[in-house]
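J.: Handing over data-v3.pdb, PDB, C-alpha atoms and all ligand atoms.
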ATOM      1  CA  MET A   1     -63.110 -32.527 -20.244
ATOM      2  CA  MET A   2     -60.247 -30.350 -21.436
ATOM      3  CA  ASN A   3     -57.778 -33.201 -21.540
ATOM      4  CA  GLY A   4     -57.312 -34.927 -24.803
ATOM      5  CA  GLY A   5     -58.649 -32.162 -27.025
ATOM      6  CA  ILE A   6     -57.547 -31.675 -30.613
ATOM      7  CA  GLY A   7     -55.645 -28.544 -31.602
ATOM      8  CA  PHE A   8     -55.911 -26.912 -35.027
ATOM      9  CA  PHE A   9     -53.372 -24.303 -35.976
ATOM     10  CA  ASP A  10     -53.157 -21.792 -38.802
ATOM     11  CA  SER A  11     -51.578 -18.367 -39.161
ATOM     12  CA  GLY A  12     -55.110 -17.011 -39.542
ATOM     13  CA  ALA A  13     -58.527 -18.000 -40.809
ATOM     14  CA  GLY A  14     -57.425 -20.427 -43.558
ATOM     15  CA  GLY A  15     -57.366 -23.420 -41.227
ATOM     16  CA  LEU A  16     -61.054 -22.962 -40.420
ATOM     17  CA  THR A  17     -61.726 -24.613 -43.782
ATOM     18  CA  VAL A  18     -59.733 -27.653 -42.615
ATOM     19  CA  LEU A  19     -61.478 -27.634 -39.258
ATOM     20  CA  ALA A  20     -64.883 -27.588 -40.980
ATOM     21  CA  ASP A  21     -64.050 -30.777 -42.877
ATOM     22  CA  CYS A  22     -62.524 -32.493 -39.837
ATOM     23  CA  LEU A  23     -65.496 -31.712 -37.589
ATOM     24  CA  LYS A  24     -67.550 -34.161 -39.634
ATOM     25  CA  TYR A  25     -65.475 -36.976 -38.185
ATOM     26  CA  LEU A  26     -65.047 -35.820 -34.619
ATOM     27  CA  GLY A  27     -67.136 -36.998 -31.741
ATOM     28  CA  GLY A  28     -67.281 -35.449 -28.287
ATOM     29  CA  GLY A  29     -64.592 -33.487 -26.503
ATOM     30  CA  ALA A  30     -62.664 -30.286 -26.890
ATOM     31  CA  VAL A  31     -61.405 -28.835 -30.158
ATOM     32  CA  TYR A  32     -59.080 -25.825 -30.115
ATOM     33  CA  TYR A  33     -58.627 -23.526 -33.070
ATOM     34  CA  TYR A  34     -55.528 -21.388 -32.702
ATOM     35  CA  GLY A  35     -55.308 -18.605 -35.302
ATOM     36  CA  ASP A  36     -52.705 -15.870 -35.176
ATOM     37  CA  ASN A  37     -54.516 -13.462 -37.518
ATOM     38  CA  ALA A  38     -52.957 -10.377 -35.916
ATOM     39  CA  ARG A  39     -49.557 -11.498 -37.271
ATOM     40  CA  ALA A  40     -50.795 -13.248 -40.437
ATOM     41  CA  PRO A  41     -49.924 -13.841 -43.171
ATOM     42  CA  TYR A  42     -46.844 -15.886 -42.325
ATOM     43  CA  GLY A  43     -45.930 -16.815 -45.918
ATOM     44  CA  ASN A  44     -43.350 -14.062 -46.398
ATOM     45  CA  LEU A  45     -41.952 -13.925 -42.835
ATOM     46  CA  PRO A  46     -38.385 -14.975 -42.026
ATOM     47  CA  ARG A  47     -38.253 -18.613 -40.983
ATOM     48  CA  SER A  48     -37.015 -17.859 -37.438
ATOM     49  CA  VAL A  49     -39.870 -15.424 -36.727
ATOM     50  CA  MET A  50     -42.446 -17.848 -38.091
ATOM     51  CA  LYS A  51     -41.017 -20.652 -35.974
ATOM     52  CA  LYS A  52     -41.276 -18.560 -32.800
ATOM     53  CA  TYR A  53     -44.983 -17.900 -33.487
ATOM     54  CA  VAL A  54     -45.688 -21.531 -34.320
ATOM     55  CA  LEU A  55     -44.036 -22.761 -31.112
ATOM     56  CA  GLU A  56     -46.188 -20.368 -29.067
ATOM     57  CA  ALA A  57     -49.272 -22.049 -30.519
ATOM     58  CA  PHE A  58     -48.001 -25.575 -30.016
ATOM     59  CA  ASP A  59     -46.860 -24.831 -26.463
ATOM     60  CA  THR A  60     -50.452 -23.805 -25.787
ATOM     61  CA  PHE A  61     -51.721 -27.124 -27.167
ATOM     62  CA  ALA A  62     -49.165 -28.929 -25.004
ATOM     63  CA  ALA A  63     -50.286 -26.959 -21.920
ATOM     64  CA  LEU A  64     -53.865 -27.977 -22.706
ATOM     65  CA  LYS A  65     -52.706 -31.594 -22.909
ATOM     66  CA  ALA A  66     -53.979 -31.966 -26.445
ATOM     67  CA  SER A  67     -54.177 -35.545 -27.658
ATOM     68  CA  ALA A  68     -53.521 -34.594 -31.300
ATOM     69  CA  ALA A  69     -52.981 -31.531 -33.434
ATOM     70  CA  VAL A  70     -53.536 -30.537 -37.035
ATOM     71  CA  VAL A  71     -51.277 -28.053 -38.770
ATOM     72  CA  ALA A  72     -54.040 -26.554 -40.900
ATOM     73  CA  CYS A  73     -51.514 -24.497 -42.814
ATOM     74  CA  ASN A  74     -49.448 -25.558 -45.815
ATOM     75  CA  THR A  75     -46.670 -23.094 -45.056
ATOM     76  CA  VAL A  76     -46.083 -24.335 -41.521
ATOM     77  CA  THR A  77     -46.441 -27.965 -42.601
ATOM     78  CA  ALA A  78     -43.879 -27.457 -45.366
ATOM     79  CA  LEU A  79     -41.362 -25.806 -43.076
ATOM     80  CA  PHE A  80     -41.774 -27.213 -39.594
ATOM     81  CA  ILE A  81     -43.850 -30.377 -39.382
ATOM     82  CA  GLU A  82     -40.892 -32.674 -38.758
ATOM     83  CA  GLU A  83     -39.531 -30.421 -36.001
ATOM     84  CA  LEU A  84     -42.965 -30.184 -34.398
ATOM     85  CA  ARG A  85     -43.390 -33.957 -34.468
ATOM     86  CA  LYS A  86     -40.056 -34.370 -32.695
ATOM     87  CA  LYS A  87     -40.759 -31.726 -30.067
ATOM     88  CA  TYR A  88     -44.327 -32.518 -28.971
ATOM     89  CA  PRO A  89     -45.675 -35.725 -27.434
ATOM     90  CA  PHE A  90     -48.969 -35.790 -29.353
ATOM     91  CA  PRO A  91     -49.427 -36.922 -32.970
ATOM     92  CA  ILE A  92     -49.495 -34.114 -35.511
ATOM     93  CA  VAL A  93     -51.280 -34.201 -38.868
ATOM     94  CA  GLY A  94     -50.151 -31.841 -41.602
ATOM     95  CA  VAL A  95     -51.797 -30.629 -44.781
ATOM     96  CA  GLU A  96     -50.541 -31.557 -48.216
ATOM     97  CA  PRO A  97     -51.446 -29.782 -51.460
ATOM     98  CA  ALA A  98     -53.596 -32.040 -53.684
ATOM     99  CA  VAL A  99     -50.871 -32.326 -56.333
ATOM    100  CA  PHE A 100     -51.327 -36.084 -56.814
ATOM    101  CA  PRO A 101     -55.103 -36.036 -57.416
ATOM    102  CA  ALA A 102     -54.643 -33.142 -59.850
ATOM    103  CA  ALA A 103     -51.697 -34.737 -61.695
ATOM    104  CA  LYS A 104     -53.606 -37.993 -62.041
ATOM    105  CA  ARG A 105     -55.986 -36.210 -64.428
ATOM    106  CA  GLY A 106     -53.096 -35.195 -66.722
ATOM    107  CA  GLY A 107     -53.057 -31.769 -68.386
ATOM    108  CA  ASP A 108     -51.714 -28.445 -67.111
ATOM    109  CA  VAL A 109     -51.717 -28.273 -63.337
ATOM    110  CA  PHE A 110     -51.144 -24.966 -61.534
ATOM    111  CA  VAL A 111     -50.041 -25.283 -57.902
ATOM    112  CA  LEU A 112     -50.743 -22.046 -56.043
ATOM    113  CA  SER A 113     -49.143 -21.437 -52.651
ATOM    114  CA  THR A 114     -47.389 -18.922 -50.434
ATOM    115  CA  ARG A 115     -43.796 -18.113 -51.274
ATOM    116  CA  ALA A 116     -42.491 -20.079 -48.274
ATOM    117  CA  THR A 117     -44.338 -23.210 -49.428
ATOM    118  CA  PHE A 118     -43.268 -22.600 -53.029
ATOM    119  CA  GLU A 119     -39.613 -22.503 -51.957
ATOM    120  CA  SER A 120     -39.848 -25.494 -49.626
ATOM    121  CA  ASP A 121     -38.142 -28.839 -50.261
ATOM    122  CA  ARG A 122     -41.360 -30.525 -49.263
ATOM    123  CA  LEU A 123     -43.334 -29.080 -52.190
ATOM    124  CA  LEU A 124     -40.418 -29.674 -54.531
ATOM    125  CA  SER A 125     -40.261 -33.323 -53.575
ATOM    126  CA  LEU A 126     -44.068 -33.756 -53.742
ATOM    127  CA  CYS A 127     -44.128 -32.354 -57.291
ATOM    128  CA  ALA A 128     -41.156 -34.492 -58.346
ATOM    129  CA  ARG A 129     -42.949 -37.626 -57.140
ATOM    130  CA  ALA A 130     -46.194 -36.589 -58.854
ATOM    131  CA  ARG A 131     -44.350 -35.911 -62.132
ATOM    132  CA  ALA A 132     -42.712 -39.335 -61.966
ATOM    133  CA  ALA A 133     -46.040 -41.034 -61.249
ATOM    134  CA  TYR A 134     -48.030 -39.100 -63.880
ATOM    135  CA  PRO A 135     -45.712 -38.031 -66.701
ATOM    136  CA  ALA A 136     -48.692 -36.835 -68.775
ATOM    137  CA  ALA A 137     -49.267 -33.976 -66.338
ATOM    138  CA  LYS A 138     -47.457 -30.658 -66.661
ATOM    139  CA  ILE A 139     -47.094 -29.341 -63.130
ATOM    140  CA  ALA A 140     -46.184 -25.679 -62.582
ATOM    141  CA  CYS A 141     -45.861 -24.054 -59.149
ATOM    142  CA  TYR A 142     -46.545 -20.364 -58.469
ATOM    143  CA  PRO A 143     -45.977 -18.250 -55.361
ATOM    144  CA  CYS A 144     -49.006 -16.013 -54.866
ATOM    145  CA  ASP A 145     -47.561 -13.256 -52.701
ATOM    146  CA  GLY A 146     -50.384 -11.247 -51.222
ATOM    147  CA  LEU A 147     -53.214 -13.708 -51.844
ATOM    148  CA  ALA A 148     -53.450 -15.081 -48.276
ATOM    149  CA  GLY A 149     -53.418 -11.503 -46.937
ATOM    150  CA  ALA A 150     -56.118 -10.553 -49.439
ATOM    151  CA  VAL A 151     -58.298 -13.406 -48.177
ATOM    152  CA  GLU A 152     -57.795 -12.294 -44.555
ATOM    153  CA  SER A 153     -58.944  -8.812 -45.526
ATOM    154  CA  LEU A 154     -61.931 -10.148 -47.522
ATOM    155  CA  LEU A 155     -62.942 -12.065 -44.415
ATOM    156  CA  ARG A 156     -62.770  -8.857 -42.409
ATOM    157  CA  GLY A 157     -65.227  -7.408 -44.912
ATOM    158  CA  GLU A 158     -62.738  -5.270 -46.844
ATOM    159  CA  ALA A 159     -63.152  -5.561 -50.607
ATOM    160  CA  ASN A 160     -59.972  -6.043 -52.622
ATOM    161  CA  ASP A 161     -58.836  -7.178 -56.034
ATOM    162  CA  TRP A 162     -57.520 -10.646 -55.100
ATOM    163  CA  ARG A 163     -57.416 -11.710 -58.789
ATOM    164  CA  LYS A 164     -54.281  -9.682 -59.336
ATOM    165  CA  TYR A 165     -52.329 -12.227 -57.245
ATOM    166  CA  LEU A 166     -53.192 -15.136 -59.551
ATOM    167  CA  PRO A 167     -50.775 -16.222 -62.287
ATOM    168  CA  ALA A 168     -51.961 -15.827 -65.861
ATOM    169  CA  GLY A 169     -52.610 -18.944 -67.927
ATOM    170  CA  ALA A 170     -55.122 -21.613 -68.802
ATOM    171  CA  PRO A 171     -54.599 -24.613 -66.508
ATOM    172  CA  THR A 172     -56.780 -27.703 -66.658
ATOM    173  CA  ALA A 173     -56.678 -28.033 -62.850
ATOM    174  CA  VAL A 174     -55.593 -25.757 -60.007
ATOM    175  CA  VAL A 175     -54.215 -26.978 -56.688
ATOM    176  CA  LEU A 176     -54.983 -24.719 -53.735
ATOM    177  CA  GLY A 177     -51.737 -25.063 -51.802
ATOM    178  CA  CYS A 178     -52.696 -22.643 -49.042
ATOM    179  CA  THR A 179     -55.677 -23.129 -46.786
ATOM    180  CA  HIS A 180     -56.626 -19.460 -47.120
ATOM    181  CA  TYR A 181     -57.263 -19.901 -50.847
ATOM    182  CA  ILE A 182     -59.997 -22.438 -50.129
ATOM    183  CA  TYR A 183     -62.378 -19.590 -49.288
ATOM    184  CA  LEU A 184     -62.035 -18.582 -52.944
ATOM    185  CA  LYS A 185     -62.342 -22.119 -54.285
ATOM    186  CA  GLU A 186     -65.415 -21.450 -56.415
ATOM    187  CA  GLU A 187     -64.156 -18.050 -57.566
ATOM    188  CA  ILE A 188     -60.732 -19.417 -58.561
ATOM    189  CA  SER A 189     -62.382 -22.314 -60.347
ATOM    190  CA  ARG A 190     -64.589 -19.870 -62.298
ATOM    191  CA  HIS A 191     -61.615 -17.600 -62.997
ATOM    192  CA  TYR A 192     -59.623 -20.395 -64.694
ATOM    193  CA  ARG A 193     -62.674 -22.331 -65.927
ATOM    194  CA  CYS A 194     -61.350 -25.555 -64.408
ATOM    195  CA  ASP A 195     -61.527 -27.486 -61.127
ATOM    196  CA  ALA A 196     -59.747 -26.144 -58.052
ATOM    197  CA  LEU A 197     -58.655 -28.902 -55.659
ATOM    198  CA  ASP A 198     -57.801 -28.819 -51.975
ATOM    199  CA  GLY A 199     -56.507 -31.538 -49.664
ATOM    200  CA  ASN A 200     -58.875 -31.068 -46.743
ATOM    201  CA  GLU A 201     -60.775 -34.321 -47.057
ATOM    202  CA  ALA A 202     -57.510 -36.267 -46.945
ATOM    203  CA  VAL A 203     -56.516 -34.442 -43.735
ATOM    204  CA  ALA A 204     -59.885 -35.179 -42.164
ATOM    205  CA  LYS A 205     -59.598 -38.881 -43.025
ATOM    206  CA  ARG A 206     -56.029 -39.040 -41.726
ATOM    207  CA  LEU A 207     -57.071 -37.452 -38.434
ATOM    208  CA  LYS A 208     -59.988 -39.850 -38.095
ATOM    209  CA  PHE A 209     -57.724 -42.825 -38.757
ATOM    210  CA  LEU A 210     -55.170 -41.592 -36.276
ATOM    211  CA  LEU A 211     -57.705 -41.030 -33.518
ATOM    212  CA  GLU A 212     -59.370 -44.367 -34.093
ATOM    213  CA  ASN A 213     -56.104 -46.210 -33.883
ATOM    214  CA  ARG A 214     -54.829 -44.256 -30.950
ATOM    215  CA  GLU A 215     -57.902 -44.472 -28.824
ATOM    216  CA  ARG A 216     -59.124 -47.785 -30.196
ATOM    217  CA  GLN A 217     -62.523 -46.274 -30.147
ATOM    218  CA  PRO A 218     -64.447 -45.579 -33.321
ATOM    219  CA  LEU A 219     -65.305 -41.970 -34.018
ATOM    220  CA  GLY A 220     -67.408 -40.540 -36.797
ATOM    221  CA  LYS A 221     -70.522 -42.512 -37.660
ATOM    222  CA  ASN A 222     -70.844 -44.008 -34.197
ATOM    223  CA  PHE A 223     -70.803 -40.659 -32.490
ATOM    224  CA  ALA A 224     -73.357 -37.917 -32.706
ATOM    225  CA  PHE A 225     -71.866 -34.870 -34.327
ATOM    226  CA  LEU A 226     -73.006 -31.680 -32.764
ATOM    227  CA  LYS A 227     -72.322 -28.269 -34.110
ATOM    228  CA  PRO A 228     -70.202 -26.244 -31.715
ATOM    229  CA  LEU A 229     -72.632 -25.283 -29.008
ATOM    230  CA  ALA A 230     -70.779 -22.375 -27.537
ATOM    231  CA  THR A 231     -67.292 -21.011 -27.319
ATOM    232  CA  THR A 232     -64.899 -19.840 -24.698
ATOM    233  CA  PHE A 233     -61.798 -17.807 -25.297
ATOM    234  CA  LEU A 234     -58.426 -18.700 -23.905
ATOM    235  CA  LYS A 235     -55.787 -16.015 -23.870
ATOM    236  CA  LYS A 236     -52.397 -16.903 -25.253
ATOM    237  CA  GLY A 237     -50.122 -18.235 -22.545
ATOM    238  CA  ALA A 238     -52.942 -18.624 -20.031
ATOM    239  CA  ASN A 239     -52.524 -21.281 -17.431
ATOM    240  CA  CYS A 240     -54.698 -24.272 -18.213
ATOM    241  CA  ARG A 241     -55.808 -25.024 -14.662
ATOM    242  CA  LEU A 242     -56.615 -21.379 -13.954
ATOM    243  CA  PHE A 243     -58.546 -21.239 -17.185
ATOM    244  CA  LEU A 244     -60.578 -24.246 -16.154
ATOM    245  CA  GLN A 245     -61.323 -22.812 -12.722
ATOM    246  CA  LYS A 246     -62.391 -19.469 -14.092
ATOM    247  CA  ASN A 247     -64.525 -20.993 -16.798
ATOM    248  CA  ARG A 248     -66.171 -23.747 -14.850
ATOM    249  CA  LYS A 249     -69.513 -21.995 -15.152
ATOM    250  CA  ASN A 250     -69.127 -21.483 -18.891
ATOM    251  CA  LEU A 251     -68.081 -25.030 -19.410
ATOM    252  CA  ARG A 252     -71.194 -26.261 -17.696
ATOM    253  CA  ARG A 253     -73.321 -23.855 -19.640
ATOM    254  CA  ILE A 254     -72.127 -25.232 -22.942
ATOM    255  CA  SER A 255     -73.276 -28.763 -22.246
ATOM    256  CA  PRO A 256     -75.734 -29.971 -24.896
ATOM    257  CA  LYS A 257     -79.349 -28.938 -24.714
ATOM    258  CA  ASN A 258     -80.340 -32.435 -25.661
ATOM    259  CA  ARG A 259     -79.232 -34.335 -22.586
ATOM    260  CA  LYS A 260     -79.574 -37.622 -24.401
ATOM    261  CA  ILE A 261     -76.593 -36.739 -26.573
ATOM    262  CA  LYS A 262     -73.624 -37.222 -24.323
ATOM    263  CA  ASN A 263     -70.819 -36.561 -26.732
ATOM    264  CA  ALA A 264     -70.912 -32.803 -27.095
ATOM    265  CA  LEU A 265     -68.198 -31.218 -29.120
ATOM    266  CA  ASN A 266     -66.937 -27.925 -27.786
ATOM    267  CA  LEU A 267     -64.931 -25.555 -29.891
ATOM    268  CA  TYR A 268     -62.516 -23.074 -28.325
ATOM    269  CA  PHE A 269     -60.870 -20.242 -30.211
ATOM    270  CA  LEU A 270     -57.345 -19.305 -29.140
ATOM    271  CA  GLY A 271     -54.581 -16.993 -30.283
ATOM    272  CA  SER A 272     -54.585 -13.386 -31.418
ATOM    273  CA  GLY A 273     -57.361 -14.020 -33.942
ATOM    274  CA  ARG A 274     -59.730 -15.813 -31.596
ATOM    275  CA  ILE A 275     -62.606 -13.328 -31.761
ATOM    276  CA  LEU A 276     -62.292 -12.806 -35.493
ATOM    277  CA  ASN A 277     -62.102 -16.538 -36.157
ATOM    278  CA  LEU A 278     -65.120 -17.228 -33.983
ATOM    279  CA  LYS A 279     -67.100 -14.751 -36.078
ATOM    280  CA  ILE A 280     -65.744 -16.064 -39.352
ATOM    281  CA  HIS A 281     -66.492 -19.619 -38.284
ATOM    282  CA  GLU A 282     -70.070 -18.754 -37.400
ATOM    283  CA  ARG A 283     -70.595 -16.834 -40.621
ATOM    284  CA  MET A 284     -68.850 -19.167 -43.034
ATOM    285  CA  PHE A 285     -69.513 -22.566 -41.567
ATOM    286  CA  GLY A 286     -72.235 -22.050 -39.002
ATOM    287  CA  PHE A 287     -74.603 -20.328 -41.416
ATOM    288  CA  ASN A 288     -72.921 -21.313 -44.624
ATOM    289  CA  LYS A 289     -72.562 -17.787 -46.019
ATOM    290  CA  LYS A 290     -70.475 -17.188 -49.099
ATOM    291  CA  ILE A 291     -67.530 -14.852 -49.147
ATOM    292  CA  VAL A 292     -69.070 -12.814 -51.970
ATOM    293  CA  GLU A 293     -71.945 -11.859 -49.732
ATOM    294  CA  MET A 294     -69.471 -10.643 -47.144
ATOM    295  CA  VAL A 295     -67.628  -8.566 -49.688
ATOM    296  CA  LYS A 296     -70.870  -6.900 -50.686
ATOM    297  CA  ASN A 297     -71.481  -6.030 -47.073
ATOM    298  CA  PRO A 298     -68.292  -4.518 -45.640
ATOM    299  CA  ASN A 299     -69.987  -3.816 -42.307
ATOM    300  CA  PHE A 300     -70.413  -7.505 -41.781
ATOM    301  CA  PHE A 301     -68.593  -7.523 -38.485
TER     302      PHE A 301
HETATM  303  N1  LIG B 401     -53.019 -20.677 -44.540
HETATM  304  C1  LIG B 401     -51.634 -20.773 -44.721
HETATM  305  C2  LIG B 401     -51.197 -21.829 -45.685
HETATM  306  O1  LIG B 401     -51.913 -22.772 -45.852
HETATM  307  C3  LIG B 401     -50.716 -19.636 -44.576
HETATM  308  C4  LIG B 401     -50.993 -18.342 -45.147
HETATM  309  C5  LIG B 401     -49.997 -17.349 -44.641
HETATM  310  O2  LIG B 401     -50.031 -17.064 -43.449
HETATM  311  O3  LIG B 401     -49.166 -16.890 -45.433
HETATM  312  O4  LIG B 401     -50.139 -21.763 -46.246
END
Let me see whether you can do it: turn the structure in this file into structure tokens.
Ligand code: DGL
T.:
Amino acid sequence: MMNGGIGFFDSGAGGLTVLADCLKYLGGGAVYYYGDNARAPYGNLPRSVMKKYVLEAFDTFAALKASAAVVACNTVTALFIEELRKKYPFPIVGVEPAVFPAAKRGGDVFVLSTRATFESDRLLSLCARARAAYPAAKIACYPCDGLAGAVESLLRGEANDWRKYLPAGAPTAVVLGCTHYIYLKEEISRHYRCDALDGNEAVAKRLKFLLENRERQPLGKNFAFLKPLATTFLKKGANCRLFLQKNRKNLRRISPKNRKIKNALNLYFLGSGRILNLKIHERMFGFNKKIVEMVKNPNFF
């Protein structure tokens, strides 16, 4: 049951937004969400430190014999995706800021990201290609130091003035180039009075395509999608077999209530932020609560 699961990685809670969109297309099996919230945000860390943390997460996916992984983080995609693809045996999907869909509309496009993404060759090259394809668009990139951290603290129920991290101006479209910013999608869109775009749907479709072609077995429509039925925590560095032995009872317990539906999807939270992310996932995606409600109620957790 644990073999062949799909790993999702982000420095913290941002990748849960990617996971939520991907879950629509996933059938049965294990899904791991590894969030390192205790050490997030990564966006201003030295590259070598960030790499060490990222490899810890991906080694865990490898130990769990993951069949695919999603880097649900623009920063880590921008800096390390090629290295990760070389090092690990499973296919890895990255996230890409929605610069092309925004540029296609023409007008003034703001691309908001962490500083590491902002300084990356990958974003530079993406914007250069989008400018060449859509010369009518004016694309400007901005590093939003502090914004990912502000979102993490909003999600912990601590109010803060996240607007101060946004660049001034009047864009006609905003690209959310960090998965953390997606929690503020509606608020950012209202702030600038224009659409805010993210690339999550494209990631979800890419993952679906990849799994279909790899397993030659259609996922999505043909499979029943179940909401995560229960969760189990796996400590960082834990041995996979030991984990399975210890959790045999739990694993049985989380089988679907409706026995007719065989393809249960089980979601496991890993990494230093596993408890926090479980709670955030339940609040934000399980019950569809808005971040503003959480801000109003700082004792949320
Ligand atoms: N969620 C991440 C991203 O998409 C990273 C935020 C951070 O840790 O700085 O870039």
J.: Please enumerate the residues selected by the PyMOL selection byres (((not hetatm)) within 10 of (chain B and resi 401)) when evaluated against the supplied file, formatted as a ChimeraX atom specification.
T.: /A:9-18,35-37,39-45,50,71-78,95-97,112-118,144-149,151-152,176-182
J.: Please determine, counting all atoms listed in the file, which residue among A:Glu158, A:Ile275, A:Gly94, A:Arg105 has the shortest atom-to-atom distance to Ala202 (chain A).
T.: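 Ranked by minimum distance to Ala202 (chain A), first place goes to A:Gly94.
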J.: For region 54-129 of chain A versus region 162-174 of chain A, which residues have an atom no more than 9 Å away, and what is each residue's nearest atom pair and distance in Å rounded to one decimal, using only C-alpha atoms, chain-then-number order, as CSV?
T.:
residue,atom,partner,partner_atom,distance
A:Val99,CA,A:Val174,CA,8.9
A:Ala102,CA,A:Ala173,CA,6.3
A:Ala103,CA,A:Ala173,CA,8.4
A:Arg105,CA,A:Ala173,CA,8.4
A:Gly106,CA,A:Thr172,CA,8.3
A:Gly107,CA,A:Thr172,CA,5.8
A:Asp108,CA,A:Pro171,CA,4.8
A:Val109,CA,A:Ala173,CA,5.0
A:Phe110,CA,A:Val174,CA,4.8
A:Val111,CA,A:Val174,CA,6.0
A:Leu112,CA,A:Val174,CA,7.3
J.: Residues within 12 Å of Lys87 (chain A), please, as a PyMOL selection string. Count all atoms listed in the file; anything in the same chain fewer than 3 positions from it doesn't count.
T.: chain A and resi 55+58-59+62+80-84+90-92
J.: If I take CA of Asn266 (chain A) and CA of Gly27 (chain A), how far is one from the other in Å, to one decimal?
T.: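 CA of Gly27 (chain A) lies 9.9 Å from CA of Asn266 (chain A).
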J.: What's the separation between CA of Val70 (chain A) and CA of Leu207 (chain A), in Å to one decimal place?
T.: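 Interatomic distance here is 7.9 Å.
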J.: In Å, how far is it from CA of Leu79 (chain A) to CA of Asp121 (chain A)?
T.: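 Distance between the two atoms: 8.4 Å.
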J.: So, with all atoms listed in the file as the atoms that count, which of A:Ala69, A:Ala38, A:Ala98, A:Met284 lies closest to Val175 (chain A)?
T.: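 Checking each candidate against Val175 (chain A), we get A:Ala98 as the closest.
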J.: Nearest to Leu210 (chain A): which of A:Leu184, A:Ala140, A:Val49, A:Leu26 is it, counting all atoms listed in the file?
T.: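 Using all atoms listed in the file, the shortest distance to Leu210 (chain A) belongs to A:Leu26.
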J.: Taking into account all atoms listed in the file, which residue in the set A:Gly199, A:Pro101, A:Tyr34, A:Lys205 is nearest to Ala130 (chain A)?
T.: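 Closest candidate: A:Pro101.
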J.: If I only have part of region 50-62 of chain A, can you fill in N, CA and C atoms and write it as an mmCIF file, in the coordinates of the input?
T.:
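Printed below is rebuild-v1.cif as written:
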data_model
loop_
_atom_site.group_PDB
_atom_site.id
_atom_site.type_symbol
_atom_site.label_atom_id
_atom_site.label_comp_id
_atom_site.auth_asym_id
_atom_site.auth_seq_id
_atom_site.Cartn_x
_atom_site.Cartn_y
_atom_site.Cartn_z
ATOM 1 N N MET A 50 -41.296 -16.950 -37.937
ATOM 2 C CA MET A 50 -42.446 -17.848 -38.091
ATOM 3 C C MET A 50 -42.372 -18.977 -37.065
ATOM 4 N N LYS A 51 -41.189 -19.519 -36.893
ATOM 5 C CA LYS A 51 -41.017 -20.652 -35.974
ATOM 6 C C LYS A 51 -41.392 -20.248 -34.537
ATOM 7 N N LYS A 52 -40.966 -19.046 -34.149
ATOM 8 C CA LYS A 52 -41.276 -18.560 -32.800
ATOM 9 C C LYS A 52 -42.808 -18.525 -32.600
ATOM 10 N N TYR A 53 -43.521 -17.994 -33.584
ATOM 11 C CA TYR A 53 -44.983 -17.900 -33.487
ATOM 12 C C TYR A 53 -45.629 -19.293 -33.440
ATOM 13 N N VAL A 54 -45.108 -20.178 -34.256
ATOM 14 C CA VAL A 54 -45.688 -21.531 -34.320
ATOM 15 C C VAL A 54 -45.489 -22.253 -32.985
ATOM 16 N N LEU A 55 -44.298 -22.086 -32.389
ATOM 17 C CA LEU A 55 -44.036 -22.761 -31.112
ATOM 18 C C LEU A 55 -44.937 -22.213 -30.004
ATOM 19 N N GLU A 56 -45.257 -20.932 -30.062
ATOM 20 C CA GLU A 56 -46.188 -20.368 -29.067
ATOM 21 C C GLU A 56 -47.523 -21.120 -29.131
ATOM 22 N N ALA A 57 -47.987 -21.352 -30.345
ATOM 23 C CA ALA A 57 -49.272 -22.049 -30.519
ATOM 24 C C ALA A 57 -49.178 -23.486 -30.014
ATOM 25 N N PHE A 58 -48.114 -24.165 -30.397
ATOM 26 C CA PHE A 58 -48.001 -25.575 -30.016
ATOM 27 C C PHE A 58 -47.711 -25.748 -28.531
ATOM 28 N N ASP A 59 -47.037 -24.780 -27.921
ATOM 29 C CA ASP A 59 -46.860 -24.831 -26.463
ATOM 30 C C ASP A 59 -48.225 -24.725 -25.774
ATOM 31 N N THR A 60 -49.102 -23.921 -26.358
ATOM 32 C CA THR A 60 -50.452 -23.805 -25.787
ATOM 33 C C THR A 60 -51.179 -25.143 -25.891
ATOM 34 N N PHE A 61 -51.081 -25.803 -27.034
ATOM 35 C CA PHE A 61 -51.721 -27.124 -27.167
ATOM 36 C C PHE A 61 -51.132 -28.104 -26.148
ATOM 37 N N ALA A 62 -49.809 -28.015 -25.962
ATOM 38 C CA ALA A 62 -49.165 -28.929 -25.004
ATOM 39 C C ALA A 62 -49.675 -28.638 -23.598
#
